[in-house]
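Enquirer: Below is the file query_0.cif, with mmCIF, C-alpha atoms and all ligand atoms.
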data_coords
#
loop_
_atom_site.label_atom_id
_atom_site.label_comp_id
_atom_site.auth_asym_id
_atom_site.auth_seq_id
_atom_site.Cartn_x
_atom_site.Cartn_y
_atom_site.Cartn_z
CA MET A 1 62.67 -48.72 -73.84
CA GLN A 2 62.36 -50.31 -77.27
CA ARG A 3 58.77 -49.77 -78.40
CA ILE A 4 57.04 -46.42 -78.08
CA GLY A 5 53.31 -45.77 -78.58
CA ILE A 6 52.20 -42.38 -79.86
CA LEU A 7 48.76 -40.81 -80.11
CA SER A 8 47.01 -37.48 -80.60
CA SER A 9 44.03 -36.66 -78.42
CA GLY A 10 41.40 -33.95 -77.87
CA GLY A 11 40.89 -31.10 -80.33
CA ASP A 12 43.29 -31.28 -83.28
CA SER A 13 45.74 -28.44 -83.88
CA PRO A 14 47.95 -27.47 -86.82
CA GLY A 15 51.42 -28.87 -86.27
CA MET A 16 50.36 -32.17 -84.70
CA ASN A 17 51.53 -33.90 -87.89
CA ALA A 18 54.95 -32.27 -87.63
CA ALA A 19 55.17 -33.59 -84.06
CA ILE A 20 54.20 -37.11 -85.21
CA ARG A 21 56.85 -36.94 -87.93
CA ALA A 22 59.48 -35.88 -85.40
CA LEU A 23 58.50 -38.60 -82.93
CA VAL A 24 58.66 -41.37 -85.52
CA ARG A 25 61.89 -40.25 -87.16
CA LYS A 26 63.73 -39.44 -83.94
CA ALA A 27 62.73 -42.77 -82.39
CA ILE A 28 63.88 -44.69 -85.48
CA TYR A 29 67.12 -42.64 -85.52
CA HIS A 30 67.77 -44.06 -82.05
CA GLY A 31 66.92 -47.60 -83.16
CA ARG A 32 63.49 -47.65 -81.47
CA GLU A 33 60.15 -48.85 -82.85
CA VAL A 34 56.97 -46.79 -82.97
CA ILE A 35 53.35 -47.90 -82.67
CA GLY A 36 50.88 -45.33 -83.99
CA ILE A 37 47.63 -45.37 -82.05
CA LYS A 38 44.54 -44.11 -83.90
CA ARG A 39 41.78 -41.85 -82.50
CA GLY A 40 43.56 -41.02 -79.26
CA PHE A 41 42.63 -43.03 -76.20
CA ALA A 42 39.69 -44.57 -78.09
CA GLY A 43 42.13 -46.47 -80.31
CA PHE A 44 44.26 -47.30 -77.28
CA ILE A 45 41.21 -49.08 -75.83
CA ASP A 46 40.08 -50.66 -79.11
CA ALA A 47 43.56 -51.81 -80.22
CA ASP A 48 43.35 -49.57 -83.29
CA MET A 49 47.11 -49.31 -83.66
CA GLY A 50 50.05 -50.49 -85.71
CA PRO A 51 53.74 -50.00 -86.49
CA MET A 52 54.98 -46.83 -88.17
CA ASN A 53 58.09 -46.40 -90.29
CA LEU A 54 60.01 -43.56 -91.91
CA GLY A 55 57.60 -43.56 -94.87
CA SER A 56 54.49 -43.40 -92.66
CA VAL A 57 55.28 -39.78 -91.89
CA ALA A 58 56.45 -38.66 -95.33
CA ASP A 59 54.81 -35.55 -96.76
CA ILE A 60 52.96 -34.49 -93.62
CA ILE A 61 55.07 -31.73 -92.07
CA HIS A 62 53.06 -29.06 -93.88
CA ARG A 63 49.60 -30.49 -93.26
CA GLY A 64 47.08 -29.45 -90.62
CA GLY A 65 45.09 -32.02 -88.65
CA THR A 66 46.58 -35.30 -87.48
CA ILE A 67 47.20 -38.43 -89.54
CA LEU A 68 46.66 -40.48 -86.38
CA LEU A 69 43.15 -39.01 -86.04
CA THR A 70 41.92 -37.77 -82.70
CA ALA A 71 38.98 -38.07 -80.31
CA ARG A 72 37.80 -37.22 -76.84
CA SER A 73 37.29 -40.63 -75.20
CA GLU A 74 34.81 -40.84 -72.35
CA GLU A 75 35.53 -44.56 -71.95
CA PHE A 76 39.15 -43.82 -71.02
CA GLU A 77 37.81 -41.84 -68.05
CA THR A 78 36.51 -45.14 -66.62
CA THR A 79 38.61 -47.77 -64.87
CA GLY A 80 37.16 -50.39 -67.23
CA GLY A 81 38.28 -48.44 -70.29
CA ARG A 82 41.80 -47.99 -68.96
CA LYS A 83 41.97 -51.68 -68.09
CA LYS A 84 41.19 -52.58 -71.70
CA ALA A 85 43.95 -50.19 -72.82
CA SER A 86 46.42 -51.79 -70.42
CA LYS A 87 45.82 -55.16 -72.09
CA ASN A 88 46.86 -53.57 -75.39
CA VAL A 89 50.02 -52.23 -73.80
CA ASP A 90 50.98 -55.85 -73.10
CA ARG A 91 49.70 -57.17 -76.41
CA PHE A 92 51.65 -54.65 -78.49
CA GLY A 93 54.69 -54.54 -76.19
CA ILE A 94 54.44 -50.78 -75.63
CA GLU A 95 57.01 -49.57 -73.09
CA GLY A 96 56.39 -45.83 -73.23
CA LEU A 97 53.63 -43.54 -74.48
CA VAL A 98 53.69 -40.05 -76.00
CA VAL A 99 50.42 -38.13 -75.91
CA ILE A 100 49.97 -35.04 -78.08
CA GLY A 101 47.04 -33.04 -76.74
CA GLY A 102 45.71 -30.67 -74.12
CA ASP A 103 45.27 -30.78 -70.37
CA GLY A 104 42.32 -33.22 -70.50
CA SER A 105 44.47 -35.69 -72.44
CA PHE A 106 47.33 -35.23 -69.99
CA THR A 107 45.01 -35.90 -67.05
CA GLY A 108 44.05 -39.21 -68.67
CA ALA A 109 47.69 -40.09 -69.38
CA HIS A 110 48.61 -39.25 -65.79
CA VAL A 111 45.89 -41.50 -64.33
CA PHE A 112 46.96 -44.34 -66.62
CA HIS A 113 50.58 -43.91 -65.52
CA GLU A 114 49.54 -44.01 -61.85
CA GLU A 115 47.49 -47.18 -62.36
CA TYR A 116 49.72 -49.15 -64.72
CA GLY A 117 53.18 -47.58 -64.38
CA LEU A 118 53.60 -46.96 -68.13
CA PRO A 119 56.03 -44.05 -68.73
CA VAL A 120 54.12 -41.16 -70.35
CA ILE A 121 55.31 -37.95 -71.97
CA GLY A 122 52.94 -35.14 -72.97
CA ILE A 123 53.41 -32.82 -75.93
CA PRO A 124 51.16 -29.75 -75.66
CA GLY A 125 49.04 -29.57 -78.81
CA THR A 126 46.05 -27.24 -78.70
CA ILE A 127 45.16 -23.98 -80.41
CA ASP A 128 44.12 -22.56 -77.01
CA ASN A 129 47.65 -22.04 -75.58
CA ASP A 130 46.23 -22.68 -72.13
CA ILE A 131 48.67 -25.27 -70.77
CA ALA A 132 50.87 -24.38 -67.81
CA GLY A 133 54.61 -25.02 -68.18
CA THR A 134 55.01 -23.87 -71.76
CA ASP A 135 54.95 -20.44 -73.39
CA TYR A 136 53.47 -21.95 -76.54
CA THR A 137 51.36 -24.94 -77.49
CA ILE A 138 51.50 -26.47 -80.96
CA GLY A 139 48.85 -24.88 -83.18
CA PHE A 140 48.38 -21.60 -81.35
CA ASP A 141 50.57 -19.56 -83.71
CA THR A 142 48.76 -20.92 -86.76
CA ALA A 143 45.35 -20.28 -85.20
CA ILE A 144 46.09 -16.66 -84.29
CA ASN A 145 47.41 -16.01 -87.78
CA THR A 146 44.21 -17.49 -89.20
CA VAL A 147 42.18 -15.17 -86.96
CA VAL A 148 44.25 -12.11 -87.88
CA GLU A 149 43.79 -12.88 -91.57
CA ALA A 150 40.03 -13.11 -90.99
CA ILE A 151 40.01 -9.81 -89.05
CA ASN A 152 41.84 -8.11 -91.93
CA LYS A 153 39.22 -9.33 -94.40
CA ILE A 154 36.36 -8.34 -92.16
CA ARG A 155 37.86 -4.87 -91.74
CA ASP A 156 37.71 -4.34 -95.49
CA THR A 157 33.97 -4.89 -95.63
CA ALA A 158 33.40 -3.23 -92.23
CA THR A 159 35.07 -0.05 -93.53
CA SER A 160 33.16 -0.07 -96.79
CA HIS A 161 29.79 -0.37 -95.04
CA GLU A 162 30.72 1.62 -91.90
CA ARG A 163 29.68 -1.32 -89.75
CA THR A 164 30.50 -2.75 -86.35
CA PHE A 165 31.63 -6.35 -86.56
CA ILE A 166 31.67 -8.88 -83.76
CA VAL A 167 34.09 -11.74 -84.44
CA GLU A 168 33.66 -14.77 -82.19
CA VAL A 169 36.80 -16.88 -81.83
CA MET A 170 37.52 -20.20 -80.12
CA GLY A 171 38.61 -20.54 -76.53
CA ARG A 172 36.09 -22.24 -74.29
CA ASN A 173 38.17 -21.64 -71.18
CA SER A 174 40.87 -19.33 -72.42
CA GLY A 175 41.08 -15.86 -73.92
CA ALA A 176 44.55 -16.41 -75.37
CA ILE A 177 43.43 -16.57 -79.00
CA ALA A 178 41.08 -13.59 -78.63
CA LEU A 179 43.66 -11.47 -76.84
CA THR A 180 46.68 -12.22 -79.00
CA ALA A 181 44.86 -12.05 -82.33
CA GLY A 182 42.79 -9.08 -81.16
CA LEU A 183 45.91 -7.08 -80.32
CA ALA A 184 47.51 -8.01 -83.64
CA GLY A 185 44.33 -7.19 -85.53
CA GLY A 186 43.79 -3.81 -83.83
CA ALA A 187 40.42 -4.84 -82.34
CA GLU A 188 38.50 -2.03 -80.66
CA SER A 189 37.40 -4.31 -77.78
CA ILE A 190 38.38 -7.84 -76.76
CA LEU A 191 36.06 -9.90 -74.56
CA ILE A 192 37.72 -12.81 -72.77
CA PRO A 193 36.63 -15.24 -70.04
CA GLU A 194 39.40 -14.02 -67.72
CA ILE A 195 37.79 -10.57 -67.44
CA ASN A 196 34.11 -9.87 -66.68
CA THR A 197 32.33 -8.62 -69.76
CA ASN A 198 30.94 -5.11 -69.47
CA ILE A 199 28.80 -4.42 -72.54
CA GLN A 200 28.13 -0.84 -71.46
CA GLU A 201 31.88 -0.11 -71.52
CA VAL A 202 32.13 -1.66 -74.98
CA CYS A 203 29.21 0.49 -76.19
CA ASP A 204 30.66 3.66 -74.66
CA LYS A 205 33.95 3.05 -76.40
CA LEU A 206 32.19 2.41 -79.70
CA ASN A 207 30.17 5.62 -79.40
CA GLN A 208 33.25 7.68 -78.53
CA GLY A 209 35.07 6.21 -81.52
CA TYR A 210 32.25 6.98 -83.94
CA GLU A 211 31.90 10.53 -82.51
CA ARG A 212 35.58 11.06 -83.27
CA GLY A 213 34.99 9.96 -86.85
CA LYS A 214 35.72 6.23 -86.84
CA LEU A 215 34.02 4.51 -89.73
CA HIS A 216 33.96 0.97 -88.44
CA SER A 217 34.90 -1.21 -85.47
CA VAL A 218 35.88 -4.82 -84.87
CA ILE A 219 35.16 -6.47 -81.54
CA ILE A 220 36.65 -9.87 -80.71
CA VAL A 221 34.74 -12.21 -78.42
CA ALA A 222 36.20 -15.45 -77.05
CA GLU A 223 33.49 -18.12 -77.04
CA GLY A 224 34.19 -18.67 -73.33
CA ALA A 225 33.36 -15.02 -72.56
CA ALA A 226 30.03 -14.71 -74.33
CA SER A 227 28.22 -15.69 -77.50
CA GLY A 228 29.06 -13.39 -80.40
CA ILE A 229 25.39 -13.30 -81.38
CA ASP A 230 24.31 -12.15 -77.90
CA VAL A 231 27.03 -9.48 -77.86
CA GLY A 232 25.94 -8.29 -81.31
CA ASN A 233 22.29 -8.05 -80.20
CA GLU A 234 23.21 -6.19 -77.01
CA ILE A 235 25.34 -3.68 -78.88
CA LYS A 236 22.62 -3.10 -81.45
CA LYS A 237 20.08 -2.61 -78.65
CA HIS A 238 22.22 -0.11 -76.72
CA THR A 239 23.71 1.86 -79.64
CA GLY A 240 21.50 1.32 -82.66
CA LEU A 241 24.65 0.65 -84.71
CA ASP A 242 24.64 -1.53 -87.83
CA THR A 243 26.11 -4.67 -86.24
CA LYS A 244 27.17 -7.93 -87.90
CA VAL A 245 28.44 -11.13 -86.31
CA THR A 246 30.99 -13.59 -87.73
CA ILE A 247 31.71 -16.84 -85.91
CA LEU A 248 35.04 -18.21 -87.09
CA GLY A 249 34.52 -21.65 -85.52
CA HIS A 250 36.49 -24.69 -86.57
CA LEU A 251 38.33 -23.07 -89.44
CA GLN A 252 40.66 -21.87 -86.67
CA ARG A 253 41.68 -25.47 -86.06
CA GLY A 254 42.71 -26.25 -89.63
CA GLY A 255 45.21 -25.07 -92.20
CA ASP A 256 48.89 -25.47 -92.91
CA PRO A 257 50.92 -24.95 -89.75
CA THR A 258 53.12 -21.86 -89.65
CA ALA A 259 56.90 -22.28 -89.68
CA PHE A 260 56.85 -21.52 -85.95
CA ASP A 261 54.42 -24.35 -85.21
CA ARG A 262 56.31 -26.82 -87.42
CA ASN A 263 59.59 -26.06 -85.69
CA LEU A 264 58.03 -26.08 -82.23
CA ALA A 265 56.46 -29.47 -83.00
CA SER A 266 59.71 -30.85 -84.42
CA MET A 267 61.69 -29.79 -81.34
CA MET A 268 59.07 -31.03 -78.91
CA GLY A 269 58.72 -34.39 -80.67
CA SER A 270 62.46 -34.87 -80.62
CA LYS A 271 62.68 -33.94 -76.94
CA ALA A 272 59.86 -36.34 -76.01
CA ILE A 273 61.81 -39.26 -77.45
CA ASP A 274 64.99 -38.16 -75.65
CA LEU A 275 63.04 -38.01 -72.38
CA LEU A 276 61.65 -41.53 -72.74
CA ILE A 277 65.05 -42.95 -73.69
CA SER A 278 66.70 -41.21 -70.75
CA GLY A 279 64.25 -42.91 -68.39
CA LYS A 280 61.76 -40.12 -67.61
CA THR A 281 58.42 -41.59 -66.63
CA LYS A 282 55.92 -38.71 -66.33
CA SER A 283 56.78 -35.42 -68.04
CA MET A 284 55.50 -32.78 -70.38
CA VAL A 285 57.69 -31.08 -72.94
CA GLY A 286 57.43 -27.30 -73.01
CA MET A 287 59.07 -24.22 -74.44
CA ILE A 288 60.10 -21.52 -72.00
CA ASN A 289 61.95 -18.41 -73.20
CA GLY A 290 62.87 -20.19 -76.41
CA ASP A 291 64.31 -23.29 -74.74
CA VAL A 292 62.68 -26.71 -75.02
CA ILE A 293 62.36 -28.00 -71.46
CA ASP A 294 60.46 -30.65 -69.51
CA ILE A 295 58.28 -30.39 -66.44
CA ASP A 296 56.44 -32.91 -64.31
CA LEU A 297 53.25 -33.90 -66.16
CA ASP A 298 51.13 -33.10 -63.06
CA ASN A 299 52.03 -29.41 -63.30
CA SER A 300 50.64 -29.19 -66.83
CA PHE A 301 47.05 -29.74 -65.68
CA GLU A 302 47.15 -28.91 -61.96
CA ASP A 303 48.62 -25.43 -62.46
CA LYS A 304 46.73 -22.66 -64.21
CA LYS A 305 48.53 -20.79 -66.95
CA PRO A 306 48.10 -17.07 -66.37
CA LEU A 307 47.12 -14.89 -69.31
CA ASN A 308 49.17 -11.72 -69.74
CA LEU A 309 46.42 -9.23 -68.96
CA GLU A 310 48.76 -6.30 -69.62
CA LEU A 311 48.19 -7.11 -73.27
CA HIS A 312 44.48 -6.48 -72.74
CA ASN A 313 45.26 -3.01 -71.37
CA LEU A 314 47.64 -2.35 -74.21
CA ALA A 315 45.09 -3.40 -76.84
CA GLY A 316 42.58 -1.03 -75.22
CA ILE A 317 45.02 1.91 -75.23
CA LEU A 318 46.16 1.35 -78.80
CA SER A 319 42.70 0.88 -80.31
CA ILE A 320 41.25 4.08 -78.88
O1 LIG A 401 40.41 -27.00 -77.11
C1 LIG A 401 40.45 -26.61 -78.43
C2 LIG A 401 39.10 -26.09 -78.87
O2 LIG A 401 39.19 -25.72 -80.22
C3 LIG A 401 38.51 -24.95 -78.05
O3 LIG A 401 39.03 -23.69 -78.37
C4 LIG A 401 37.07 -25.09 -78.38
O4 LIG A 401 36.29 -24.49 -77.38
C5 LIG A 401 36.88 -26.56 -78.44
O5 LIG A 401 38.13 -27.11 -78.77
C6 LIG A 401 35.82 -27.02 -79.41
O6 LIG A 401 35.73 -28.40 -79.33
P1 LIG A 401 34.94 -29.33 -80.36
O7 LIG A 401 35.72 -29.38 -81.61
O8 LIG A 401 34.84 -30.63 -79.69
O9 LIG A 401 33.62 -28.64 -80.58
#
Now that the file is in, can you turn its structure into structure tokens?
Ligand code: F6P
Expert:
Amino acid sequence: MQRIGILSSGGDSPGMNAAIRALVRKAIYHGREVIGIKRGFAGFIDADMGPMNLGSVADIIHRGGTILLTARSEEFETTGGRKKASKNVDRFGIEGLVVIGGDGSFTGAHVFHEEYGLPVIGIPGTIDNDIAGTDYTIGFDTAINTVVEAINKIRDTATSHERTFIVEVMGRNSGAIALTAGLAGGAESILIPEINTNIQEVCDKLNQGYERGKLHSVIIVAEGAASGIDVGNEIKKHTGLDTKVTILGHLQRGGDPTAFDRNLASMMGSKAIDLLISGKTKSMVGMINGDVIDIDLDNSFEDKKPLNLELHNLAGILSI
């Protein structure tokens, strides 16, 4: 294994750059060469790639986003697209591939491995923290801190105006951001896709709170559970409360990665190189109970990562 291709794919997440830095520097430390592939699988197909050196990853550990750029490639889902990519594997002499991304990216990497035998290692990079086989994905910690900071700011104005705020956060298929940031931010209710939304319950809780003298409330809604605007309208209709909606959107995907995400990314990048050099052909790097481990890549997208719903109960009890 002399030449290793690396790419980032799917939604970007803070800390991807720290992972890229670790991959390049650890590979070079072991005397290997690195080919940086741009725009995820799209660049793999279009031969948008080139060699990286120690300097290519200077001054990026603290930056959000990904210097390799990222994309969701529909062409790579076709046999024709993957065939084009396989020609580039030969052309650039790539002997192993590291994919930083989410479960969709790992599914693509897995299919490519099955068809062309290229060793592939996945590094979980997504703000959603919804990948089985790892307690944390790169970017999740930064995203929840961004959300908590936003909740704090919204609380200031919510208190001043005695308003009910609905904050919609990301998480198309997962309530991890909503739940974790909602608990940390003291949200009065947290709506997540894993639990059926009951607006009446939310309204009852709001009314009880205001009867007891609460001056404001913050409700967190994961985009996969409902639209924040719809929830705001429903609450206004049922309670008559002064309700405002804030959709945090893509600002949750940007920003300087936290120390946790930088270190997670550095350890995972390092481990991915070790795995390729040791001859692993289809793995994902994960962190379980503080240890950096590897699992079979299939388990990362075939298994469903359970959300700790006890936290939902706890958030409800503590925000009474
Ligand atoms: O998967 C990461 C994520 O940020 C989800 O939370 C969100 O639903 C989705 O990506 C948004 O994707 P896009 O940037 O393509 O709109």
Enquirer: With distances taken over only C-alpha atoms and all ligand atoms, which of A:Thr281, A:Ser227, A:Asn313, A:Ser217 is nearest to ligand LIG 401 (chain A)?
Expert: A:Ser227
Enquirer: Using all atoms listed in the file, which residue out of A:Arg172, A:His161, A:Arg3, A:Arg212 lies closest to ligand LIG 401 (chain A)?
Expert: A:Arg172
Enquirer: Nearest to Ala158 in chain A: which of A:Arg262, A:Lys282, A:Arg21, A:Lys214 is it, counting all atoms listed in the file?
Expert: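 Smallest separation from Ala158 in chain A among the options: A:Lys214.
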Enquirer: What is the distance, in Å and to one decimal place, between CA of Ile220 in chain A and CA of Asp303 in chain A?
Expert: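 Distance between the two atoms: 26.8 Å.
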Enquirer: For His216 in chain A, work out the shell of residues within 9 Å, counting all atoms listed in the file and skipping chain neighbours fewer than 3 positions away, then give it as an MDAnalysis selection string.
Expert: chainID A and resid 155 158:165 209:210
Enquirer: Counting only C-alpha atoms and all ligand atoms, figure out which residue out of A:Lys305, A:Lys84, A:His312, A:His250 gets nearest to ligand LIG 401 (chain A).
Expert: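 Among the listed residues, the smallest separation from ligand LIG 401 (chain A) belongs to A:His250.
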Enquirer: Which residues are near ligand LIG 401 (chain A) in this structure, taking near to mean any atom at most 9 Å from a ligand atom and counting only C-alpha atoms and all ligand atoms? Format them as a ChimeraX atom specification.
Expert: /A:10-13,71-72,101-102,126-130,169-174,177,222-224,249-250,252-253
Enquirer: Between CA of Ile166 in chain A and CA of Ile247 in chain A, measure the distance and give it in Å to one decimal.
Expert: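 Calculated distance between CA of Ile166 in chain A and CA of Ile247 in chain A is 8.2 Å.
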Enquirer: Determine, counting only C-alpha atoms, which protein, DNA and RNA residues have an atom within 8 Å of an atom of Asp294 in chain A; residues of the same chain fewer than 5 positions away are not included. Present the result as number ranges by chain.
Expert: A: 283-286
Enquirer: Pick from A:Ala132, A:Val218, A:Ala18, A:Ile138: nearest to Asp156 in chain A, with all atoms listed in the file counted?
Expert: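 Among the listed residues, the smallest separation from Asp156 in chain A belongs to A:Val218.
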Enquirer: Residues at most 10 Å from Arg32 in chain A, counting all atoms listed in the file, excluding those fewer than 6 positions away in the same chain, as a list in words?
Expert: Met1, Gln2, Arg3, Ile4, Val24, Arg25, Lys26, Ile273 and Ile277 of chain A
Enquirer: Select, from A:Thr107, A:Leu307, A:Ser266, A:Leu318, the residue with the minimum atom-to-atom distance to Ile195 in chain A, counting all atoms listed in the file.
Expert: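 Of the candidates, the smallest distance to Ile195 in chain A is held by A:Leu307.
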Enquirer: So how far away is CA of Asp230 in chain A from CA of Ile320 in chain A, in Å?
Expert: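 Distance reported for this atom pair: 23.5 Å.
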